[in-house]
$ cat final_31.cif   # mmCIF, C-alpha atoms
data_model
#
loop_
_atom_site.label_atom_id
_atom_site.label_comp_id
_atom_site.auth_asym_id
_atom_site.auth_seq_id
_atom_site.Cartn_x
_atom_site.Cartn_y
_atom_site.Cartn_z
CA MET R 1 -13.00 14.18 4.17
CA ILE R 2 -11.07 15.80 1.33
CA TRP R 3 -9.79 12.40 0.13
CA LYS R 4 -13.34 11.70 -1.07
CA VAL R 5 -12.92 14.50 -3.61
CA TYR R 6 -9.15 14.25 -4.03
CA PRO R 7 -8.30 10.56 -3.49
CA ARG R 8 -5.14 9.68 -1.56
CA LEU R 9 -1.99 9.19 -3.66
CA LEU R 10 -0.45 5.75 -3.09
CA GLU R 11 3.09 4.48 -3.10
CA VAL R 12 3.26 1.28 -5.15
CA PRO R 13 5.13 -1.57 -3.39
CA PRO R 14 8.30 -2.62 -5.27
CA PHE R 15 7.05 -6.17 -5.93
CA LEU R 16 3.84 -4.79 -7.46
CA ALA R 17 5.77 -2.38 -9.66
CA ASP R 18 7.84 -5.35 -10.86
CA PHE R 19 4.65 -7.38 -11.48
CA LEU R 20 3.11 -4.62 -13.61
CA ASN R 21 6.32 -3.90 -15.52
CA ARG R 22 6.65 -7.57 -16.43
CA MET R 23 3.00 -7.95 -17.39
CA TYR R 24 2.74 -4.73 -19.40
CA PRO R 25 6.29 -3.89 -20.55
CA ALA R 26 5.08 -1.39 -23.18
CA VAL R 27 3.53 0.89 -20.55
CA PRO R 28 5.61 3.83 -19.26
CA TRP R 29 4.62 3.24 -15.65
CA GLN R 30 6.39 6.40 -14.48
CA LYS R 31 3.46 8.24 -16.08
CA VAL R 32 0.84 6.34 -14.04
CA ARG R 33 -0.38 7.30 -10.58
CA PHE R 34 -2.30 5.13 -8.13
CA TYR R 35 -4.92 6.42 -5.70
CA GLU R 36 -7.13 5.01 -2.97
CA GLY R 37 -10.58 6.56 -3.05
CA MET R 38 -12.87 6.82 -6.05
CA PRO R 39 -13.65 9.98 -8.01
CA TRP R 40 -16.82 11.79 -6.93
CA PHE R 41 -18.75 10.67 -10.05
CA ALA R 42 -17.73 6.99 -10.06
CA PRO R 43 -20.64 4.50 -9.88
CA LYS R 44 -21.09 2.92 -6.46
CA TRP R 45 -20.71 -0.61 -7.84
CA ALA R 46 -17.25 0.09 -9.30
CA SER R 47 -14.25 -1.18 -7.31
CA ALA R 48 -11.66 0.60 -9.47
CA ILE R 49 -11.48 2.94 -12.45
CA VAL R 50 -8.84 4.24 -14.87
CA LEU R 51 -8.98 7.89 -15.94
CA PRO R 52 -6.65 10.49 -17.41
CA HIS R 53 -5.16 12.85 -14.85
CA PRO R 54 -7.41 15.95 -14.94
CA TRP R 55 -4.46 18.36 -14.73
CA HIS R 56 -1.90 16.66 -16.99
CA PHE R 57 -1.53 15.98 -20.70
CA ASN R 58 -0.32 12.34 -20.67
CA THR R 59 -0.38 11.10 -17.08
CA MET R 60 -2.92 8.36 -16.31
CA CYS R 61 -4.52 7.53 -12.96
CA VAL R 62 -5.87 4.34 -11.41
CA TYR R 63 -8.37 4.78 -8.57
CA TYR R 64 -9.27 1.97 -6.17
CA LYS R 65 -12.12 1.86 -3.72
CA GLN R 66 -9.82 -0.26 -1.57
CA PHE R 67 -6.22 -0.84 -2.63
CA ASP R 68 -5.79 -4.58 -2.08
CA PHE R 69 -2.44 -5.66 -3.51
CA LEU R 70 -2.00 -8.90 -1.55
CA SER R 71 -4.94 -11.19 -2.36
CA PRO R 72 -5.61 -12.93 -5.71
CA THR R 73 -8.83 -10.90 -5.99
CA GLY R 74 -7.02 -7.61 -5.45
CA LEU R 75 -4.19 -8.51 -7.84
CA SER R 76 -6.67 -9.57 -10.51
CA THR R 77 -8.32 -6.15 -10.21
CA ILE R 78 -4.91 -4.47 -10.53
CA ALA R 79 -4.19 -6.56 -13.66
CA HIS R 80 -7.62 -5.60 -15.06
CA GLU R 81 -6.93 -1.89 -14.60
CA GLY R 82 -3.43 -2.39 -15.99
CA MET R 83 -5.00 -3.51 -19.26
CA HIS R 84 -6.89 -0.21 -19.42
CA ILE R 85 -3.63 1.64 -18.86
CA LEU R 86 -2.15 -0.28 -21.79
CA GLN R 87 -5.16 0.70 -23.91
CA ALA R 88 -4.69 4.34 -22.94
CA PHE R 89 -1.12 4.37 -24.19
CA GLU R 90 -2.16 2.56 -27.36
CA LEU R 91 -4.49 5.45 -28.11
CA GLN R 92 -2.45 8.54 -28.99
CA LYS R 93 0.13 7.56 -26.32
CA ALA R 94 -2.38 8.75 -23.69
CA LYS R 95 -1.73 12.34 -24.76
CA GLY R 96 -4.35 15.07 -24.57
CA LEU R 97 -5.57 17.85 -22.32
CA GLY R 98 -6.93 16.61 -19.01
CA TYR R 99 -9.79 14.21 -19.68
CA TYR R 100 -9.71 14.95 -23.40
CA ARG R 101 -7.73 11.85 -24.42
CA GLY R 102 -8.17 9.08 -26.96
CA PHE R 103 -8.83 6.60 -24.14
CA LEU R 104 -11.98 8.40 -22.93
CA ILE R 105 -13.05 9.43 -26.43
CA TYR R 106 -13.15 5.84 -27.66
CA TYR R 107 -14.43 4.44 -24.37
CA ASN R 108 -17.35 6.88 -24.35
CA ILE R 109 -18.48 6.33 -27.93
CA LEU R 110 -18.09 2.53 -27.75
CA SER R 111 -20.08 2.56 -24.52
CA LEU R 112 -22.87 4.57 -26.15
CA ILE R 113 -22.92 2.25 -29.17
CA ARG R 114 -23.08 -0.80 -26.92
CA MET R 115 -26.01 0.70 -24.98
CA PHE R 116 -27.91 1.28 -28.24
CA GLN R 117 -27.19 -2.32 -29.28
CA LEU R 118 -28.62 -3.62 -25.99
CA LEU R 119 -31.62 -1.27 -25.94
CA GLY R 120 -34.77 -3.39 -25.78
CA LYS R 121 -32.77 -6.56 -25.06
CA VAL R 122 -32.18 -5.85 -21.37
CA SER R 123 -34.12 -3.78 -18.86
CA LEU R 124 -33.28 -0.08 -18.54
CA LYS R 125 -32.20 -0.76 -14.96
CA LYS R 126 -29.56 -3.24 -16.16
CA LEU R 127 -28.62 -1.39 -19.35
CA ASN R 128 -25.62 0.52 -17.99
CA LYS R 129 -23.99 -2.47 -16.26
CA SER R 130 -24.74 -4.80 -19.19
CA ALA R 131 -23.18 -2.36 -21.64
CA TYR R 132 -20.18 -1.99 -19.34
CA ARG R 133 -19.59 -5.73 -18.95
CA SER R 134 -19.73 -6.34 -22.72
CA HIS R 135 -17.83 -3.17 -23.67
CA PRO R 136 -15.09 -3.93 -26.27
CA MET R 137 -12.47 -2.31 -24.04
CA GLU R 138 -13.63 -4.20 -20.94
CA ILE R 139 -13.56 -7.70 -22.45
CA PRO R 140 -9.74 -7.99 -22.69
CA ALA R 141 -9.40 -6.39 -19.24
CA TYR R 142 -11.75 -8.94 -17.68
CA ASN R 143 -10.02 -11.78 -19.53
CA GLN R 144 -6.65 -10.69 -18.14
CA GLY R 145 -7.96 -10.22 -14.61
CA ASP R 146 -9.67 -13.62 -14.65
CA LYS R 147 -6.48 -15.32 -15.83
CA VAL R 148 -4.43 -13.69 -13.09
CA PHE R 149 -6.97 -14.82 -10.49
CA LYS R 150 -6.96 -18.39 -11.83
CA TYR R 151 -3.18 -18.63 -12.20
CA LEU R 152 -2.49 -17.21 -8.74
CA HIS R 153 -4.71 -19.83 -7.12
CA GLU R 154 -2.98 -22.56 -9.16
CA TYR R 155 0.48 -21.25 -8.30
CA TYR R 156 -0.28 -20.90 -4.60
CA ALA R 157 -1.86 -24.35 -4.44
CA ASP R 158 1.20 -25.90 -6.10
CA ASN R 159 3.56 -24.47 -3.46
CA GLN R 160 1.03 -24.90 -0.62
CA TYR R 161 0.84 -21.12 -0.15
CA SER R 162 4.48 -21.00 0.98
CA LYS R 163 5.52 -18.59 -1.82
CA LEU R 164 3.25 -15.61 -2.20
CA LEU R 165 3.58 -12.93 -4.85
CA HIS R 166 4.95 -10.40 -2.37
CA HIS R 167 8.63 -10.78 -3.32
CA HIS R 168 10.62 -10.11 -6.50
CA GLU R 169 11.79 -13.70 -6.89
CA VAL R 170 8.24 -15.03 -6.65
CA VAL R 171 7.01 -12.44 -9.18
CA SER R 172 9.76 -13.57 -11.55
CA ALA R 173 8.94 -17.26 -11.12
CA PHE R 174 5.21 -16.65 -11.50
CA MET R 175 5.54 -14.63 -14.69
CA ASP R 176 7.98 -17.16 -16.14
CA LYS R 177 5.46 -19.92 -15.51
CA TYR R 178 2.58 -18.03 -17.14
CA PRO R 179 4.11 -16.13 -20.09
CA ASP R 180 0.69 -15.59 -21.69
CA LEU R 181 0.09 -12.89 -19.06
CA VAL R 182 2.67 -10.67 -20.75
CA LYS R 183 0.83 -8.22 -23.01
CA ILE R 184 2.61 -5.95 -25.47
CA ASN R 185 -0.76 -4.85 -26.87
CA SER R 186 -4.30 -5.24 -25.60
CA GLY R 187 -5.76 -6.75 -28.77
CA THR R 188 -8.65 -4.26 -28.54
CA ARG R 189 -10.42 -3.30 -31.78
CA TYR R 190 -11.23 0.40 -31.50
CA ASP R 191 -12.74 0.95 -34.97
CA LYS R 192 -11.00 4.29 -35.47
CA SER R 193 -13.42 5.76 -38.00
CA ILE R 194 -13.63 9.55 -38.22
CA PRO R 195 -17.41 9.73 -37.52
CA LYS R 196 -17.05 7.63 -34.37
CA TYR R 197 -14.05 9.59 -33.18
CA PHE R 198 -15.88 12.85 -33.81
CA ALA R 199 -18.97 11.62 -31.91
CA GLY R 200 -16.80 10.42 -29.03
CA ALA R 201 -15.02 13.77 -28.98
CA LEU R 202 -18.33 15.65 -28.75
CA ILE R 203 -19.31 13.51 -25.75
CA THR R 204 -15.94 13.92 -24.05
CA ILE R 205 -15.39 17.69 -24.47
CA PRO R 206 -18.07 18.73 -21.91
CA ILE R 207 -16.71 16.19 -19.41
CA ALA R 208 -13.15 17.45 -19.92
CA LEU R 209 -14.26 21.07 -19.41
CA VAL R 210 -16.67 20.62 -16.51
CA ASN R 211 -14.79 18.16 -14.28
CA PRO R 212 -11.88 20.50 -13.34
CA VAL R 213 -14.35 23.26 -12.49
CA ILE R 214 -16.32 20.92 -10.22
CA LEU R 215 -13.14 19.70 -8.52
CA ILE R 216 -12.06 23.27 -7.77
CA PHE R 217 -15.55 24.14 -6.51
CA LEU R 218 -15.75 21.07 -4.24
CA LYS R 219 -12.29 21.70 -2.86
CA GLY R 220 -13.30 25.31 -2.11
CA ILE R 221 -16.44 24.16 -0.30
CA LEU R 222 -14.42 21.75 1.83
CA PHE R 223 -11.97 24.47 2.85
CA LEU R 224 -14.62 27.09 3.72
CA PRO R 225 -14.96 25.88 7.35
CA TYR R 226 -11.19 26.23 7.76
CA LEU R 227 -11.25 29.81 6.42
CA PHE R 228 -14.11 30.93 8.65
CA PHE R 229 -13.31 29.07 11.87
CA ARG R 230 -9.52 29.12 12.03
CA LYS R 231 -8.09 30.96 14.99
#
$ encode --input "final_31.cif" --output "structure tokens"
Amino acid sequence: MIWKVYPRLLEVPPFLADFLNRMYPAVPWQKVRFYEGMPWFAPKWASAIVLPHPWHFNTMCVYYKQFDFLSPTGLSTIAHEGMHILQAFELQKAKGLGYYRGFLIYYNILSLIRMFQLLGKVSLKKLNKSAYRSHPMEIPAYNQGDKVFKYLHEYYADNQYSKLLHHHEVVSAFMDKYPDLVKINSGTRYDKSIPKYFAGALITIPIALVNPVILIFLKGILFLPYLFFRK
């Protein structure tokens, strides 16, 4: 049960590491960790999420509800989250204290602004998801994921599904055929004005302070039965 609070750390297959390194060569992937299992506060409709590591100052984490690295759908999700990792390292090189990073600061304030822009245009029930789907930092991620999905189906159809992306040589051939998948920068416009950064920081500080406390508390609750009932 503890993996629901502390998701399971994953070992990335070599072909997938090659795929990500080729697609996002500017990302220091040694500072990125992959997990199966979503954080306790993640929305139920989310299939994956990128967050700063709560206990590190420049390590980033990708959490997957289900780590599917074989299908076009799963690989498109991985490419989508990879774009967020690229954004994180564009913003202050992903440095900060726990959740207090440029990535979350800008994501939070841009999300709030987008919700205000949509207020009255969509129902309150759909407001959160509508703001998410049209978020300035989500648009390039969805574009990249959609392209990977499309190109994989094209590539597999051309070779009659005899060469799947599960080997280094196929990764190399695939990326050579679709060079527009290589992203040195995300192309995201963050609008780094001081008032917006300050507002985003105010939103993010409570999250950065409270989340580690909750994680420690939940872990303690999970281990109480062990402490009381061990022989």
$ axis_aligned_box --input "final_31.cif" --around "stretch 151-165 of chain R" --padding-each-side "8 Å" --output "AutoDock Vina command-line options"
--center_x 0.4 --center_y -19.4 --center_z -5.6 --size_x 26.2 --size_y 29.0 --size_z 29.2
$ resolve_selection --input "final_31.cif" --expression "the PyMOL selection byres ((chain R and resi 84) around 10)" --output "PDB file with C-alpha atoms, keeping the file's coordinate frame"
ATOM      1  CA  ILE R  49     -11.480   2.940 -12.450  1.00  0.00           C
ATOM      2  CA  VAL R  50      -8.840   4.240 -14.870  1.00  0.00           C
ATOM      3  CA  LEU R  51      -8.980   7.890 -15.940  1.00  0.00           C
ATOM      4  CA  MET R  60      -2.920   8.360 -16.310  1.00  0.00           C
ATOM      5  CA  VAL R  62      -5.870   4.340 -11.410  1.00  0.00           C
ATOM      6  CA  ALA R  79      -4.190  -6.560 -13.660  1.00  0.00           C
ATOM      7  CA  HIS R  80      -7.620  -5.600 -15.060  1.00  0.00           C
ATOM      8  CA  GLU R  81      -6.930  -1.890 -14.600  1.00  0.00           C
ATOM      9  CA  GLY R  82      -3.430  -2.390 -15.990  1.00  0.00           C
ATOM     10  CA  MET R  83      -5.000  -3.510 -19.260  1.00  0.00           C
ATOM     11  CA  ILE R  85      -3.630   1.640 -18.860  1.00  0.00           C
ATOM     12  CA  LEU R  86      -2.150  -0.280 -21.790  1.00  0.00           C
ATOM     13  CA  GLN R  87      -5.160   0.700 -23.910  1.00  0.00           C
ATOM     14  CA  ALA R  88      -4.690   4.340 -22.940  1.00  0.00           C
ATOM     15  CA  PHE R  89      -1.120   4.370 -24.190  1.00  0.00           C
ATOM     16  CA  GLU R  90      -2.160   2.560 -27.360  1.00  0.00           C
ATOM     17  CA  PHE R 103      -8.830   6.600 -24.140  1.00  0.00           C
ATOM     18  CA  MET R 137     -12.470  -2.310 -24.040  1.00  0.00           C
ATOM     19  CA  GLU R 138     -13.630  -4.200 -20.940  1.00  0.00           C
ATOM     20  CA  PRO R 140      -9.740  -7.990 -22.690  1.00  0.00           C
ATOM     21  CA  ALA R 141      -9.400  -6.390 -19.240  1.00  0.00           C
ATOM     22  CA  SER R 186      -4.300  -5.240 -25.600  1.00  0.00           C
TER      23      SER R 186
END
$ residues_around --input "final_31.cif" --residues "stretch 28-36 of chain R" --least-positions-apart "4" --cutoff "6 Å" --atoms "all atoms listed in the file" --output "PDB file with C-alpha atoms, keeping the file's coordinate frame"
ATOM      1  CA  PRO R   7      -8.300  10.560  -3.490  1.00  0.00           C
ATOM      2  CA  ARG R   8      -5.140   9.680  -1.560  1.00  0.00           C
ATOM      3  CA  LEU R   9      -1.990   9.190  -3.660  1.00  0.00           C
ATOM      4  CA  LEU R  10      -0.450   5.750  -3.090  1.00  0.00           C
ATOM      5  CA  THR R  59      -0.380  11.100 -17.080  1.00  0.00           C
ATOM      6  CA  MET R  60      -2.920   8.360 -16.310  1.00  0.00           C
ATOM      7  CA  CYS R  61      -4.520   7.530 -12.960  1.00  0.00           C
ATOM      8  CA  VAL R  62      -5.870   4.340 -11.410  1.00  0.00           C
ATOM      9  CA  TYR R  63      -8.370   4.780  -8.570  1.00  0.00           C
ATOM     10  CA  TYR R  64      -9.270   1.970  -6.170  1.00  0.00           C
ATOM     11  CA  LYS R  65     -12.120   1.860  -3.720  1.00  0.00           C
ATOM     12  CA  PHE R  67      -6.220  -0.840  -2.630  1.00  0.00           C
TER      13      PHE R  67
END
$ closest_residue --input "final_31.cif" --among "R:Leu91, R:Ala46, R:Val12, R:Ile109" --to "R:Thr204" --atoms "only C-alpha atoms"
R:Ile109
$ atom_distance --input "final_31.cif" --atom1 "atom CA of R:Trp55" --atom2 "atom CA of R:Lys192"
25.9 Å
$ resolve_selection --input "final_31.cif" --expression "the PyMOL selection byres ((chain R and resi 173) around 12)" --output "PyMOL selection string"
chain R and resi 18-19+22+152+155-156+159+163-172+174-179
